[in-house]
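Quick look at my_file.cif (mmCIF, C-alpha atoms):
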```cif
data_upload
#
loop_
_atom_site.group_PDB
_atom_site.id
_atom_site.type_symbol
_atom_site.label_atom_id
_atom_site.label_comp_id
_atom_site.auth_asym_id
_atom_site.auth_seq_id
_atom_site.Cartn_x
_atom_site.Cartn_y
_atom_site.Cartn_z
ATOM 1 C CA MET A 149 -20.405 25.897 -16.892
ATOM 2 C CA ASN A 150 -22.447 29.096 -17.231
ATOM 3 C CA ILE A 151 -22.497 31.841 -14.615
ATOM 4 C CA GLN A 152 -26.029 31.028 -13.441
ATOM 5 C CA GLN A 153 -25.018 27.427 -12.785
ATOM 6 C CA GLU A 154 -21.952 28.619 -10.859
ATOM 7 C CA PHE A 155 -24.168 30.685 -8.563
ATOM 8 C CA CYS A 156 -26.578 27.782 -8.091
ATOM 9 C CA ASP A 157 -23.642 25.565 -7.173
ATOM 10 C CA LYS A 158 -22.454 28.071 -4.532
ATOM 11 C CA TYR A 159 -25.739 29.464 -3.218
ATOM 12 C CA GLU A 160 -29.231 28.370 -2.377
ATOM 13 C CA PHE A 161 -31.821 30.982 -3.384
ATOM 14 C CA ARG A 162 -35.134 30.771 -1.503
ATOM 15 C CA THR A 163 -37.732 32.673 0.478
ATOM 16 C CA ILE A 164 -36.996 33.598 4.064
ATOM 17 C CA HIS A 165 -37.863 31.265 6.939
ATOM 18 C CA ALA A 166 -39.988 32.497 9.849
ATOM 19 C CA ASP A 167 -37.074 32.238 12.284
ATOM 20 C CA GLU A 168 -34.598 34.264 10.184
ATOM 21 C CA SER A 169 -35.686 37.822 11.079
ATOM 22 C CA GLU A 170 -32.706 38.360 13.375
ATOM 23 C CA THR A 171 -30.237 37.211 10.739
ATOM 24 C CA ALA A 172 -31.810 39.493 8.144
ATOM 25 C CA THR A 173 -31.660 42.412 10.600
ATOM 26 C CA GLN A 174 -27.966 41.704 11.274
ATOM 27 C CA ILE A 175 -27.235 41.698 7.533
ATOM 28 C CA GLU A 176 -29.102 45.010 7.166
ATOM 29 C CA ALA A 177 -26.994 46.473 9.985
ATOM 30 C CA ALA A 178 -23.814 45.345 8.213
ATOM 31 C CA CYS A 179 -24.946 46.852 4.895
ATOM 32 C CA PHE A 180 -26.676 50.109 5.806
ATOM 33 C CA PRO A 181 -26.012 52.980 8.224
ATOM 34 C CA PRO A 182 -28.176 52.930 11.377
ATOM 35 C CA ASN A 183 -30.508 55.652 10.058
ATOM 36 C CA GLU A 184 -31.384 53.461 7.044
ATOM 37 C CA ALA A 185 -31.255 49.879 8.354
ATOM 38 C CA CYS A 186 -34.417 48.021 9.273
ATOM 39 C CA VAL A 187 -34.845 47.292 12.985
ATOM 40 C CA LEU A 188 -35.831 43.891 14.354
ATOM 41 C CA PRO A 189 -39.531 44.558 15.194
ATOM 42 C CA ILE A 190 -40.202 45.845 11.672
ATOM 43 C CA MET A 191 -38.180 43.044 10.062
ATOM 44 C CA LYS A 192 -40.192 40.480 12.036
ATOM 45 C CA GLU A 193 -43.423 42.014 10.701
ATOM 46 C CA ARG A 194 -42.103 42.015 7.124
ATOM 47 C CA VAL A 195 -41.171 38.343 7.459
ATOM 48 C CA ARG A 196 -44.534 37.523 9.012
ATOM 49 C CA LEU A 197 -46.632 39.420 6.454
ATOM 50 C CA ALA A 198 -44.665 38.929 3.230
ATOM 51 C CA PRO A 199 -42.147 36.065 3.450
ATOM 52 C CA ASP A 200 -42.757 35.257 -0.218
ATOM 53 C CA LEU A 201 -41.402 38.689 -1.172
ATOM 54 C CA PHE A 202 -37.999 37.907 0.309
ATOM 55 C CA LEU A 203 -35.292 36.237 -1.718
ATOM 56 C CA VAL A 204 -32.362 35.102 0.399
ATOM 57 C CA ALA A 205 -29.000 33.799 -0.703
ATOM 58 C CA VAL A 206 -27.462 31.101 1.497
ATOM 59 C CA ASP A 207 -23.833 30.088 1.116
ATOM 60 C CA LYS A 208 -24.067 26.301 0.610
ATOM 61 C CA ARG A 209 -20.589 25.794 2.052
ATOM 62 C CA THR A 210 -21.323 27.488 5.404
ATOM 63 C CA GLY A 211 -25.135 27.376 5.572
ATOM 64 C CA GLN A 212 -25.067 31.110 6.330
ATOM 65 C CA MET A 213 -27.496 33.656 4.870
ATOM 66 C CA VAL A 214 -25.224 36.124 3.070
ATOM 67 C CA GLY A 215 -27.691 38.400 1.325
ATOM 68 C CA PHE A 216 -31.316 39.096 0.587
ATOM 69 C CA ILE A 217 -33.834 41.212 -1.259
ATOM 70 C CA ASN A 218 -37.008 42.149 0.541
ATOM 71 C CA SER A 219 -40.086 44.043 -0.524
ATOM 72 C CA ILE A 220 -43.803 44.499 -0.149
ATOM 73 C CA ALA A 221 -46.541 44.436 -2.774
ATOM 74 C CA THR A 222 -48.894 47.336 -3.413
ATOM 75 C CA GLY A 223 -51.116 48.926 -5.995
ATOM 76 C CA GLU A 224 -49.061 52.125 -5.737
ATOM 77 C CA ARG A 225 -46.442 53.054 -8.320
ATOM 78 C CA THR A 226 -44.072 55.177 -6.237
ATOM 79 C CA LEU A 227 -41.999 54.184 -3.241
ATOM 80 C CA ARG A 228 -42.807 56.305 -0.203
ATOM 81 C CA ASP A 229 -41.084 56.360 3.177
ATOM 82 C CA GLU A 230 -44.001 54.722 5.001
ATOM 83 C CA PHE A 231 -43.335 51.457 3.167
ATOM 84 C CA PHE A 232 -40.091 51.134 5.184
ATOM 85 C CA THR A 233 -41.810 51.492 8.554
ATOM 86 C CA GLU A 234 -45.339 50.141 8.012
ATOM 87 C CA PRO A 235 -45.245 46.488 6.889
ATOM 88 C CA THR A 236 -49.055 46.450 7.115
ATOM 89 C CA LEU A 237 -49.133 48.492 3.894
ATOM 90 C CA HIS A 238 -48.325 45.200 2.139
ATOM 91 C CA ASP A 239 -51.161 44.171 -0.184
ATOM 92 C CA PRO A 240 -50.692 40.549 -1.278
ATOM 93 C CA LYS A 241 -52.795 41.263 -4.381
ATOM 94 C CA GLY A 242 -50.740 44.331 -5.324
ATOM 95 C CA LYS A 243 -49.420 44.314 -8.882
ATOM 96 C CA ASN A 244 -46.364 46.383 -8.003
ATOM 97 C CA VAL A 245 -43.442 45.580 -5.741
ATOM 98 C CA MET A 246 -41.531 48.081 -3.613
ATOM 99 C CA ILE A 247 -38.047 46.785 -2.844
ATOM 100 C CA LEU A 248 -37.048 47.854 0.649
ATOM 101 C CA SER A 249 -33.612 46.207 0.856
ATOM 102 C CA VAL A 250 -30.978 44.721 -1.369
ATOM 103 C CA ALA A 251 -28.294 43.588 1.050
ATOM 104 C CA VAL A 252 -25.175 41.477 0.561
ATOM 105 C CA LEU A 253 -22.610 41.005 3.312
ATOM 106 C CA PRO A 254 -19.426 42.964 2.535
ATOM 107 C CA GLU A 255 -17.251 39.854 2.180
ATOM 108 C CA TYR A 256 -19.605 38.514 -0.541
ATOM 109 C CA ARG A 257 -19.721 41.683 -2.637
ATOM 110 C CA ASN A 258 -18.112 42.327 -6.023
ATOM 111 C CA GLN A 259 -18.744 38.752 -7.151
ATOM 112 C CA GLY A 260 -22.032 39.324 -8.991
ATOM 113 C CA LEU A 261 -24.233 37.976 -6.203
ATOM 114 C CA ALA A 262 -26.508 41.041 -6.052
ATOM 115 C CA ARG A 263 -26.921 40.904 -9.831
ATOM 116 C CA GLU A 264 -27.834 37.207 -9.727
ATOM 117 C CA MET A 265 -30.246 37.725 -6.822
ATOM 118 C CA MET A 266 -31.916 40.556 -8.747
ATOM 119 C CA ARG A 267 -32.130 38.465 -11.930
ATOM 120 C CA ILE A 268 -33.860 35.664 -10.027
ATOM 121 C CA TYR A 269 -36.060 38.112 -8.138
ATOM 122 C CA LEU A 270 -37.278 39.966 -11.242
ATOM 123 C CA GLU A 271 -37.930 36.704 -13.092
ATOM 124 C CA ARG A 272 -39.897 35.353 -10.135
ATOM 125 C CA GLU A 273 -42.015 38.502 -9.805
ATOM 126 C CA ALA A 274 -42.681 38.580 -13.562
ATOM 127 C CA ASP A 275 -43.916 34.986 -13.262
ATOM 128 C CA ARG A 276 -46.281 36.219 -10.541
ATOM 129 C CA ASN A 277 -47.693 38.751 -13.029
ATOM 130 C CA ARG A 278 -46.317 41.789 -11.211
ATOM 131 C CA GLN A 279 -46.219 44.928 -13.319
ATOM 132 C CA LEU A 280 -43.538 47.124 -11.758
ATOM 133 C CA VAL A 281 -40.654 46.696 -9.382
ATOM 134 C CA VAL A 282 -39.608 49.959 -7.738
ATOM 135 C CA LEU A 283 -36.636 50.756 -5.525
ATOM 136 C CA THR A 284 -34.698 53.779 -4.390
ATOM 137 C CA CYS A 285 -30.926 54.054 -4.395
ATOM 138 C CA LEU A 286 -28.204 56.603 -3.860
ATOM 139 C CA GLU A 287 -26.821 58.296 -6.952
ATOM 140 C CA GLY A 288 -23.676 56.154 -6.853
ATOM 141 C CA LYS A 289 -25.755 52.985 -7.393
ATOM 142 C CA VAL A 290 -27.889 54.223 -10.317
ATOM 143 C CA LYS A 291 -25.658 52.728 -13.026
ATOM 144 C CA MET A 292 -25.571 49.366 -11.234
ATOM 145 C CA TYR A 293 -29.365 49.176 -11.117
ATOM 146 C CA GLU A 294 -29.605 50.291 -14.746
ATOM 147 C CA LYS A 295 -27.470 47.229 -15.604
ATOM 148 C CA PHE A 296 -30.035 45.131 -13.717
ATOM 149 C CA GLY A 297 -32.817 46.461 -15.997
ATOM 150 C CA PHE A 298 -34.085 49.425 -13.974
ATOM 151 C CA ARG A 299 -34.765 52.879 -15.378
ATOM 152 C CA ASP A 300 -33.789 55.984 -13.395
ATOM 153 C CA CYS A 301 -36.842 58.191 -12.849
ATOM 154 C CA GLY A 302 -34.777 60.935 -11.190
ATOM 155 C CA GLU A 303 -34.844 62.129 -7.630
ATOM 156 C CA SER A 304 -37.327 60.347 -5.410
ATOM 157 C CA GLY A 305 -39.789 61.963 -3.059
ATOM 158 C CA SER A 306 -38.380 59.637 -0.404
ATOM 159 C CA ALA A 307 -36.151 61.155 2.237
ATOM 160 C CA TRP A 308 -35.671 57.866 4.113
ATOM 161 C CA GLY A 309 -32.688 58.056 6.460
ATOM 162 C CA GLY A 310 -32.153 61.715 5.613
ATOM 163 C CA GLU A 311 -30.754 60.870 2.171
ATOM 164 C CA GLN A 312 -31.562 62.018 -1.351
ATOM 165 C CA TRP A 313 -32.582 58.945 -3.349
ATOM 166 C CA HIS A 314 -33.132 58.130 -6.993
ATOM 167 C CA GLU A 315 -36.285 56.207 -7.828
ATOM 168 C CA MET A 316 -35.589 53.237 -10.094
ATOM 169 C CA VAL A 317 -38.340 51.325 -11.930
ATOM 170 C CA CYS A 318 -38.270 48.005 -13.743
ATOM 171 C CA GLU A 319 -41.318 47.243 -15.879
ATOM 172 C CA LEU A 320 -42.138 43.539 -15.916
ATOM 173 C CA ASN A 321 -45.486 42.905 -17.606
#
```

Give the structure from the file, written as structure tokens.
Amino acid sequence: MNIQQEFCDKYEFRTIHADESETATQIEAACFPPNEACVLPIMKERVRLAPDLFLVAVDKRTGQMVGFINSIATGERTLRDEFFTEPTLHDPKGKNVMILSVAVLPEYRNQGLAREMMRIYLEREADRNRQLVVLTCLEGKVKMYEKFGFRDCGESGSAWGGEQWHEMVCELN
């Protein structure tokens, strides 16, 4: 059995449901410090405006959401702080995607789940004719995202959460 099949046997990968904003917010809170985590009102707006830009992983054994990727689409090529707080900046026709969260509950980490979620996510967005996928990460995560197919563009202009981020770009089409 190949690794992709193993993940499909363990997890369901799908878009977020309208009633899952609270769960996504709880996962964010478990994965990010308070100054970086998305709060419930903003998460609800993201889910309302761009549910198709979420990819959630659900543990088939427990039925629990254990991780997700969420983003918005835009015509812009650089991730700016306002994307985190203004879900209305989402442009459904945007050719570029700004990833706002990659979150996996701590007890599900170090098993390749984030890598598999990202593989599925990038493939899905390429199929939608997106051009770029952009995210920011702390320096300690740069090598991980490079393994996922992203290129480090150096320090980001983003100061979200009072941190110094690296902007990572994956060219799709």

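In this comparison, which uses all atoms listed in the file, the residue of A:Cys186, A:Met213, A:Ala262, A:Leu201 approaching A:Val250 most closely is A:Ala262.
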
For this session: Counting only C-alpha atoms, write as a PyMOL selection string all protein and nucleic acid residues lying at most 12 Å from (-26.0, 31.6, 9.5) in the file's frame.
Result: chain A and resi 167-172+174-175+204-215+253

Problem set entry | Expected answer as a list in words: all residues with atoms within 9 Å of (-39.1, 41.9, -4.2), all atoms listed in the file | Asp200, Leu201, Phe202, Leu203, Ile217, Asn218, Ser219, Ile220, Ala221, Val245, Met246, Ile247, Leu248, Ser249, Met266, Tyr269, Leu270, Arg272, Glu273, Val281 and Val282 of chain A

For this session: Could you check how far atom CA of A:Phe180 sits from atom CA of A:Gly288, in Å to one decimal?
Result: 14.3 Å

Exercise. What does the PyMOL selection byres ((chain A and resi 232) around 9) select in this file, as a PyMOL selection string?
Worked result: chain A and resi 186+190+228-231+233-235+248+308

For this session: Identify which of the residues A:Glu264, A:Glu311, A:Glu271, A:Glu224 lies closest to A:Glu287, counting all atoms listed in the file when measuring atom-to-atom distances.
Result: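 Of all the options, A:Glu311 lies closest to A:Glu287.
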
Near A:Gln312, within 8 Å and counting only C-alpha atoms, which residues show up once chain neighbours fewer than 6 positions away are dropped, as a short mmCIF file (atom, residue, chain, number, x, y, z; two decimals) with C-alpha atoms, in the frame of the given file?
```cif
data_model
loop_
_atom_site.label_atom_id
_atom_site.label_comp_id
_atom_site.auth_asym_id
_atom_site.auth_seq_id
_atom_site.Cartn_x
_atom_site.Cartn_y
_atom_site.Cartn_z
CA LEU A 286 -28.20 56.60 -3.86
CA GLU A 303 -34.84 62.13 -7.63
CA SER A 304 -37.33 60.35 -5.41
CA SER A 306 -38.38 59.64 -0.40
#
```

Exercise. Atom CA of A:Ala177 to atom CA of A:Ala251: how many Å, to one decimal?
Worked result: 9.5 Å

Exercise. What residues come out when you apply the PyMOL selection byres ((chain A and resi 293) around 12) to this file, written as a PyMOL selection string?
Worked result: chain A and resi 250+262-263+266-267+281-292+294-301+314-318

For this session: Counting all atoms listed in the file, figure out which residue out of A:Trp313, A:Asp239, A:Arg278, A:Glu319 gets nearest to A:Arg194.
Result: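 Ranked by minimum distance to A:Arg194, first place goes to A:Asp239.
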
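Between atom CA of A:Cys156 and atom CA of A:Asn258 the interatomic distance comes to 17.0 Å.
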
For this session: Expand the PyMOL selection byres ((chain A and resi 320) around 6) into the individual residues it matches in the shown file, reporting them as a PyMOL selection string.
Result: chain A and resi 274+279-280+319+321

For this session: Compare A:Leu227, A:Asn277, A:Gln259, A:Met191 by their minimum atom-to-atom distance to A:Lys241, counting all atoms listed in the file, and give me the closest one.
Result: A:Asn277

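Between A:Asp275 and the residues A:Lys192, A:Lys243, A:Ala185, A:His165, the shortest atom-to-atom distance, using all atoms listed in the file, involves A:Lys243.
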
Any chance you could work out the axis-aligned box around stretch 277-284 of chain A, listed atoms only, 8 Å on each side, giving centre and edge lengths in Å to one decimal, as JSON?
```
{"center_x": -41.2, "center_y": 46.3, "center_z": -8.9, "size_x": 29.0, "size_y": 31.0, "size_z": 24.9}
```
